[in-house]
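Dumped target20.txt below, it's compact mmCIF, C-alpha atoms:
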# COMPACT_ATOMS: atom_id res chain seq x y z
CA MET G 10 144.98 193.51 265.14
CA SER G 11 145.73 190.00 266.40
CA PRO G 12 149.16 189.03 267.84
CA VAL G 13 149.71 186.68 264.91
CA MET G 14 149.12 189.47 262.39
CA THR G 15 151.49 191.76 264.32
CA LEU G 16 154.23 189.14 264.27
CA VAL G 17 153.90 188.61 260.53
CA THR G 18 153.95 192.33 259.78
CA THR G 19 157.08 192.87 261.86
CA SER G 20 158.95 190.00 260.21
CA VAL G 21 158.22 191.36 256.76
CA THR G 22 159.04 195.05 257.28
CA THR G 23 162.09 194.69 259.53
CA PRO G 24 165.28 193.80 257.59
CA VAL G 25 167.49 191.04 258.83
CA LEU G 26 170.81 192.55 259.94
CA THR G 27 173.83 190.26 260.17
CA PRO G 28 176.88 191.63 262.00
CA GLY G 29 180.24 191.33 260.27
CA LEU G 30 182.87 188.77 261.17
CA ASP G 31 184.85 191.39 263.07
CA ALA G 32 181.87 192.72 265.01
CA GLY G 33 183.70 191.90 268.24
CA TRP G 34 186.62 194.15 267.29
CA TYR G 35 184.16 196.82 266.23
CA ARG G 36 182.38 196.68 269.59
CA GLU G 37 185.67 196.89 271.50
CA VAL G 38 186.75 199.96 269.51
CA THR G 39 183.42 201.73 269.96
CA GLU G 40 183.36 200.98 273.70
CA PHE G 41 186.86 202.42 274.01
CA ALA G 42 185.85 205.45 271.93
CA ALA G 43 182.86 206.08 274.19
CA SER G 44 185.21 206.37 277.17
CA THR G 45 187.45 208.98 275.55
CA PRO G 46 187.00 212.75 276.01
CA GLY G 47 184.43 214.51 273.86
CA TRP G 48 187.01 216.77 272.24
CA LEU G 49 188.75 213.71 270.83
CA ALA G 50 185.57 212.62 269.08
CA ARG G 51 185.12 216.08 267.59
CA LEU G 52 188.75 216.02 266.47
CA ALA G 53 188.28 212.64 264.79
CA GLU G 54 185.24 213.91 262.89
CA ALA G 55 187.09 217.03 261.75
CA ALA G 56 190.16 215.01 260.81
CA THR G 57 188.33 213.40 257.89
CA ASP G 58 187.58 216.65 256.08
CA ALA G 59 190.92 218.16 257.09
CA GLY G 60 192.77 215.11 255.79
CA PHE G 61 191.07 215.33 252.42
CA ALA G 62 191.96 219.03 252.28
CA VAL G 63 195.60 218.16 252.95
CA PHE G 64 195.57 215.66 250.09
CA ALA G 65 194.05 218.27 247.77
CA VAL G 66 196.78 220.79 248.63
CA LEU G 67 199.47 218.16 248.13
CA PHE G 68 198.04 217.36 244.69
CA VAL G 69 198.61 220.97 243.70
CA PHE G 70 202.12 221.08 245.16
CA ALA G 71 203.09 217.80 243.47
CA TRP G 72 201.87 219.10 240.09
CA TRP G 73 203.66 222.44 240.51
CA ARG G 74 206.90 220.71 241.51
CA SER G 75 206.69 218.23 238.60
CA ARG G 76 206.83 221.08 236.08
CA ARG G 77 210.59 221.34 236.72
CA GLY G 78 211.15 217.66 235.93
CA ASP G 79 210.67 215.28 233.04
CA ALA G 80 207.44 214.42 231.26
CA ARG G 81 206.89 211.19 233.22
CA GLY G 82 206.92 213.09 236.51
CA VAL G 83 204.29 215.47 235.17
CA ALA G 84 202.16 212.54 233.99
CA LEU G 85 202.28 210.91 237.43
CA ALA G 86 201.39 214.18 239.17
CA VAL G 87 198.42 214.75 236.87
CA LEU G 88 197.27 211.15 237.26
CA ALA G 89 197.26 211.25 241.09
CA PRO G 90 193.89 213.04 241.52
CA VAL G 91 192.43 211.25 238.49
CA THR G 92 193.17 207.78 239.87
CA THR G 93 191.74 208.87 243.21
CA VAL G 94 188.43 209.74 241.57
CA VAL G 95 188.43 206.44 239.67
CA ALA G 96 189.08 204.51 242.89
CA TYR G 97 186.15 206.29 244.54
CA ALA G 98 183.90 205.35 241.62
CA VAL G 99 184.96 201.70 241.86
CA SER G 100 184.21 201.76 245.60
CA GLU G 101 180.73 203.17 244.98
CA VAL G 102 179.98 200.45 242.42
CA ALA G 103 181.18 197.77 244.85
CA LYS G 104 178.95 199.20 247.59
CA SER G 105 175.88 199.07 245.38
CA PHE G 106 176.45 195.38 244.61
CA LEU G 107 177.59 194.13 248.03
CA ARG G 108 175.04 196.14 250.08
CA GLU G 109 176.51 195.54 253.52
CA GLU G 110 174.61 197.32 256.30
CA ARG G 111 176.44 199.72 258.56
CA PRO G 112 177.71 198.22 261.83
CA CYS G 113 176.07 200.97 263.84
CA ARG G 114 172.76 199.52 262.63
CA ALA G 115 173.67 195.82 262.46
CA VAL G 116 175.39 195.39 265.82
CA ALA G 117 172.95 195.48 268.71
CA ALA G 118 173.25 197.91 271.63
CA VAL G 119 176.29 199.76 270.36
CA VAL G 120 177.03 203.42 271.10
CA THR G 121 178.78 205.42 268.39
CA LEU G 122 180.37 208.85 268.45
CA ALA G 123 179.06 209.84 265.02
CA PRO G 124 175.46 209.58 263.80
CA CYS G 125 174.77 206.39 261.91
CA PRO G 126 174.39 206.99 258.15
CA VAL G 127 170.97 206.46 256.65
CA SER G 128 169.91 203.02 255.52
CA GLY G 129 171.08 202.40 251.98
CA ASP G 130 174.39 204.15 252.56
CA TRP G 131 176.22 200.85 252.55
CA SER G 132 179.28 200.05 254.59
CA PHE G 133 181.63 197.85 252.49
CA PRO G 134 184.12 199.08 251.41
CA SER G 135 184.84 202.36 253.15
CA ASN G 136 184.82 205.25 250.69
CA HIS G 137 186.93 207.38 253.02
CA ALA G 138 189.61 204.71 253.28
CA THR G 139 189.50 204.15 249.52
CA ILE G 140 189.98 207.83 248.72
CA ALA G 141 192.72 208.27 251.33
CA ALA G 142 194.71 205.25 250.13
CA ALA G 143 194.37 206.18 246.44
CA ALA G 144 195.49 209.74 247.12
CA ALA G 145 198.46 208.55 249.19
CA VAL G 146 199.66 206.06 246.56
CA GLY G 147 199.20 208.54 243.72
CA LEU G 148 201.20 211.17 245.58
CA VAL G 149 203.99 208.72 246.42
CA LEU G 150 204.29 207.77 242.75
CA ALA G 151 204.59 211.44 241.82
CA TRP G 152 206.72 212.52 244.79
CA GLN G 153 208.31 209.69 246.78
CA ARG G 154 209.49 211.91 249.61
CA LEU G 155 205.87 212.47 250.64
CA ALA G 156 205.51 208.84 251.75
CA TRP G 157 206.36 209.64 255.37
CA LEU G 158 203.39 212.04 255.48
CA VAL G 159 200.66 210.65 253.24
CA VAL G 160 200.84 206.96 254.20
CA PRO G 161 200.29 207.53 257.95
CA LEU G 162 197.64 210.12 257.11
CA ALA G 163 195.71 207.60 255.00
CA LEU G 164 195.90 204.99 257.76
CA LEU G 165 194.76 207.53 260.33
CA LEU G 166 191.76 208.59 258.25
CA GLY G 167 190.76 204.97 257.86
CA ALA G 168 191.09 204.27 261.58
CA THR G 169 188.87 207.21 262.50
CA ARG G 170 185.98 205.61 260.60
CA VAL G 171 186.01 202.64 263.00
CA TYR G 172 186.65 204.90 265.99
CA LEU G 173 183.56 206.97 265.13
CA GLY G 174 181.52 203.78 264.78
CA VAL G 175 180.44 204.06 261.14
CA HIS G 176 182.53 201.20 259.69
CA TYR G 177 183.76 197.73 260.51
CA PRO G 178 187.54 197.21 260.54
CA HIS G 179 187.24 195.04 257.42
CA ASP G 180 185.47 197.88 255.61
CA VAL G 181 188.47 200.12 256.17
CA ALA G 182 191.00 197.41 255.30
CA ALA G 183 189.20 196.66 252.04
CA GLY G 184 189.01 200.35 251.20
CA LEU G 185 192.74 200.81 251.77
CA VAL G 186 193.59 197.85 249.55
CA LEU G 187 191.11 198.87 246.86
CA GLY G 188 192.15 202.52 246.72
CA GLY G 189 195.87 201.83 246.87
CA GLY G 190 195.65 199.06 244.28
CA VAL G 191 193.63 201.10 241.78
CA ALA G 192 195.95 204.10 242.08
CA LEU G 193 199.08 201.96 241.77
CA VAL G 194 197.92 200.01 238.71
CA LEU G 195 196.48 202.99 236.85
CA GLY G 196 199.43 205.20 237.69
CA LEU G 197 202.03 202.73 236.45
CA VAL G 198 200.04 201.70 233.36
CA PHE G 199 199.01 205.12 232.07
CA ALA G 200 202.05 207.19 233.04
CA GLY G 201 204.13 205.84 230.17
CA ALA G 202 201.31 206.35 227.68
CA LEU G 203 200.89 209.98 228.77
CA VAL G 204 204.58 210.87 228.38
CA PRO G 205 204.40 211.67 224.62
CA VAL G 206 201.16 213.58 225.21
CA VAL G 207 202.80 215.72 227.89
CA GLN G 208 205.82 216.31 225.64
CA ARG G 209 203.60 217.62 222.84
CA LEU G 210 201.47 219.75 225.15
CA ARG G 211 204.57 221.33 226.63
CA LEU G 212 205.26 222.94 223.26
CA LEU G 213 201.90 224.74 223.13
CA PRO G 214 202.02 228.37 224.27
CA LEU G 215 198.89 228.31 226.43
CA VAL G 216 199.13 224.78 227.82
CA GLY G 217 202.90 224.56 228.16
CA VAL G 218 203.00 226.87 231.18
CA LEU G 219 200.88 224.30 233.07
CA LEU G 220 203.24 221.42 232.32
CA VAL G 221 206.72 222.92 232.37
CA ALA G 222 208.37 225.66 234.41
CA GLY G 223 209.04 228.65 232.16
CA GLY G 224 206.28 227.88 229.66
CA ALA G 225 206.41 226.43 226.17
CA ALA G 226 209.78 228.00 225.37
CA ALA G 227 211.41 226.06 228.19
CA GLY G 228 209.83 222.83 227.00
CA SER G 229 210.95 223.16 223.37
CA PRO G 230 213.97 221.04 222.42
CA THR G 231 217.15 222.89 221.61
CA ARG G 232 218.71 222.35 218.19
CA ALA G 233 222.35 221.45 218.03
CA ALA G 234 224.55 223.40 215.62
CA GLY G 235 225.09 221.47 212.38
CA PRO G 236 228.15 221.33 210.11
CA ARG G 237 226.98 224.45 208.29
CA ALA G 238 226.84 226.54 211.42
CA GLN G 239 228.45 229.88 210.86
CA VAL G 240 231.30 230.98 213.04
CA VAL G 241 230.71 234.46 214.35
CA ARG G 242 233.89 236.46 214.42
CA GLY G 243 234.49 239.49 216.47
CA PRO G 244 235.68 242.84 215.14
CA ALA G 245 239.14 242.96 213.59
CA ARG G 246 241.83 244.26 215.87
CA ALA G 247 243.84 247.19 214.51
CA VAL G 248 247.59 246.69 214.24
CA SER G 249 249.80 249.69 214.87
CA ARG G 250 252.65 250.62 212.51
CA THR G 251 255.20 250.26 215.29
CA SER G 252 254.26 246.68 216.00
CA ALA G 253 254.13 245.87 212.28
CA GLY G 254 257.59 247.37 211.76
CA SER G 255 259.04 245.49 214.67
CA HIS G 256 257.70 242.22 213.28
CA ARG G 257 259.38 242.94 209.90
CA ALA G 258 262.66 243.79 211.66
CA ASP G 259 262.57 240.52 213.54
CA ASP G 260 261.96 238.63 210.32
CA ASN G 261 264.94 240.33 208.61
CA SER G 262 267.25 239.60 211.55
CA ARG G 263 266.37 235.92 211.39
CA ARG G 264 267.34 235.61 207.70
CA PRO G 265 270.89 234.27 207.05
CA GLY G 266 273.36 236.93 205.83

Reformat the file's structure so that it appears as structure tokens.
Amino acid sequence: MSPVMTLVTTSVTTPVLTPGLDAGWYREVTEFAASTPGWLARLAEAATDAGFAVFAVLFVFAWWRSRRGDARGVALAVLAPVTTVVAYAVSEVAKSFLREERPCRAVAAVVTLAPCPVSGDWSFPSNHATIAAAAAVGLVLAWQRLAWLVVPLALLLGATRVYLGVHYPHDVAAGLVLGGGVALVLGLVFAGALVPVVQRLRLLPLVGVLLVAGGAAAGSPTRAAGPRAQVVRGPARAVSRTSAGSHRADDNSRRPG
């Protein structure tokens, strides 16, 4: 095969890879990561799955806790995992249209701690960051006191994706904004619409136990006593003859002579 033919074949089969605008930041992070101990890289890889497991457990706790509150709290707790799944789906659709190559393949001569995903597993936005941000926002809407835990956890999970070398910084930033925005909008919009649904479901014997502490009986409204409410009287108290006689004597003494 001639050199000219070889050149043409290479130009056709090899894709053109354009590094992202923040490729310099990405290279600095990966170079720093390469100098860190090996156990830290293994910890960063495990932190992704562990972080998602923490979010899943918190979803269950938030739902269980909401059963003691009003119907809106239950709606927000139920919506938290749902909006997270929706945010992930939106991220996947965006990936398929934008088709940004992974930085570990686009940036030349870079060393990463994690294996580079296969070609076609696009980079923008980061699914991990999207899921983490959506879960954090959904949980904060359902249980505000969790903000101190879930917000730093979401940021940490996003940062590990750059540290491991599988995402640009802008991939993670876009994922955080996308996931948090989807969860916030859907949570606030649909929570009010779900309140009457939750109130009705709380009255059902089999479903009520999932939505209110104590089951359907605890979720049923109490009826106030109307004007025809009967007054329940206790048993009549016996009156002794001595006391009755004394009362008659007192009445006679009070009469004028």

Which residues, written as a count of residues only, have at least one atom at most 12 Å from G:Leu148, with all atoms listed in the file counted and residues fewer than 4 positions away on the same chain left out?
42

Let me make sure I understand: among G:Gly167, G:Pro124, G:Gly188, G:Pro134, which one has the smallest atom-to-atom distance to G:Gly147 if we use all atoms listed in the file?
G:Gly188

Record the distance separating atom CA of G:Leu52 and atom CA of G:Val175, expressed in Å with one decimal.
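Atom CA of G:Leu52 sits 15.5 Å away from atom CA of G:Val175.
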
I'd like the interatomic distance between atom CA of G:Glu101 and atom CA of G:Phe61, to a tenth of an Å.
17.6 Å

For atom CA of G:Ser132 and atom CA of G:Pro112, the interatomic separation in Å (one decimal)
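Atom CA of G:Ser132 sits 7.6 Å away from atom CA of G:Pro112.
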
From the set G:Leu197, G:Ala168, G:Leu162, G:Ala42, which residue has the shortest atom-to-atom contact distance to G:Ala123, counting all atoms listed in the file?
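Under the stated criterion, the closest residue is G:Ala42.
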
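Nearest residue to G:Glu37 among G:Gly184, G:Gly190, G:Gly174, G:Pro205 is G:Gly174, counting only C-alpha atoms.
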
Rank nothing, just name the residue among G:Phe199, G:Thr39, G:Cys113, G:Ile140 nearest to G:Val95, using only C-alpha atoms.
G:Ile140

Residues at most 10 Å from stretch 34-36 of chain G, counting all atoms listed in the file, excluding those fewer than 3 positions away in the same chain, as a PyMOL selection string?
chain G and resi 28-31+39-42+112-113+116-121+171-172+174-179

Go ahead and save the picked residues with C-alpha atoms, as an mmCIF file, in the frame of the given file.
data_model
loop_
_atom_site.group_PDB
_atom_site.id
_atom_site.type_symbol
_atom_site.label_atom_id
_atom_site.label_comp_id
_atom_site.auth_asym_id
_atom_site.auth_seq_id
_atom_site.Cartn_x
_atom_site.Cartn_y
_atom_site.Cartn_z
ATOM 1 C CA PRO G 28 176.880 191.630 262.000
ATOM 2 C CA GLY G 29 180.240 191.330 260.270
ATOM 3 C CA LEU G 30 182.870 188.770 261.170
ATOM 4 C CA ASP G 31 184.850 191.390 263.070
ATOM 5 C CA THR G 39 183.420 201.730 269.960
ATOM 6 C CA GLU G 40 183.360 200.980 273.700
ATOM 7 C CA PHE G 41 186.860 202.420 274.010
ATOM 8 C CA ALA G 42 185.850 205.450 271.930
ATOM 9 C CA PRO G 112 177.710 198.220 261.830
ATOM 10 C CA CYS G 113 176.070 200.970 263.840
ATOM 11 C CA VAL G 116 175.390 195.390 265.820
ATOM 12 C CA ALA G 117 172.950 195.480 268.710
ATOM 13 C CA ALA G 118 173.250 197.910 271.630
ATOM 14 C CA VAL G 119 176.290 199.760 270.360
ATOM 15 C CA VAL G 120 177.030 203.420 271.100
ATOM 16 C CA THR G 121 178.780 205.420 268.390
ATOM 17 C CA VAL G 171 186.010 202.640 263.000
ATOM 18 C CA TYR G 172 186.650 204.900 265.990
ATOM 19 C CA GLY G 174 181.520 203.780 264.780
ATOM 20 C CA VAL G 175 180.440 204.060 261.140
ATOM 21 C CA HIS G 176 182.530 201.200 259.690
ATOM 22 C CA TYR G 177 183.760 197.730 260.510
ATOM 23 C CA PRO G 178 187.540 197.210 260.540
ATOM 24 C CA HIS G 179 187.240 195.040 257.420
#

Here is a test: counting all atoms listed in the file, which residue of G:Cys125, G:Ala151, G:Ala98, G:Leu166 is nearest to G:Arg111?
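Closest residue, counting all atoms listed in the file: G:Cys125.
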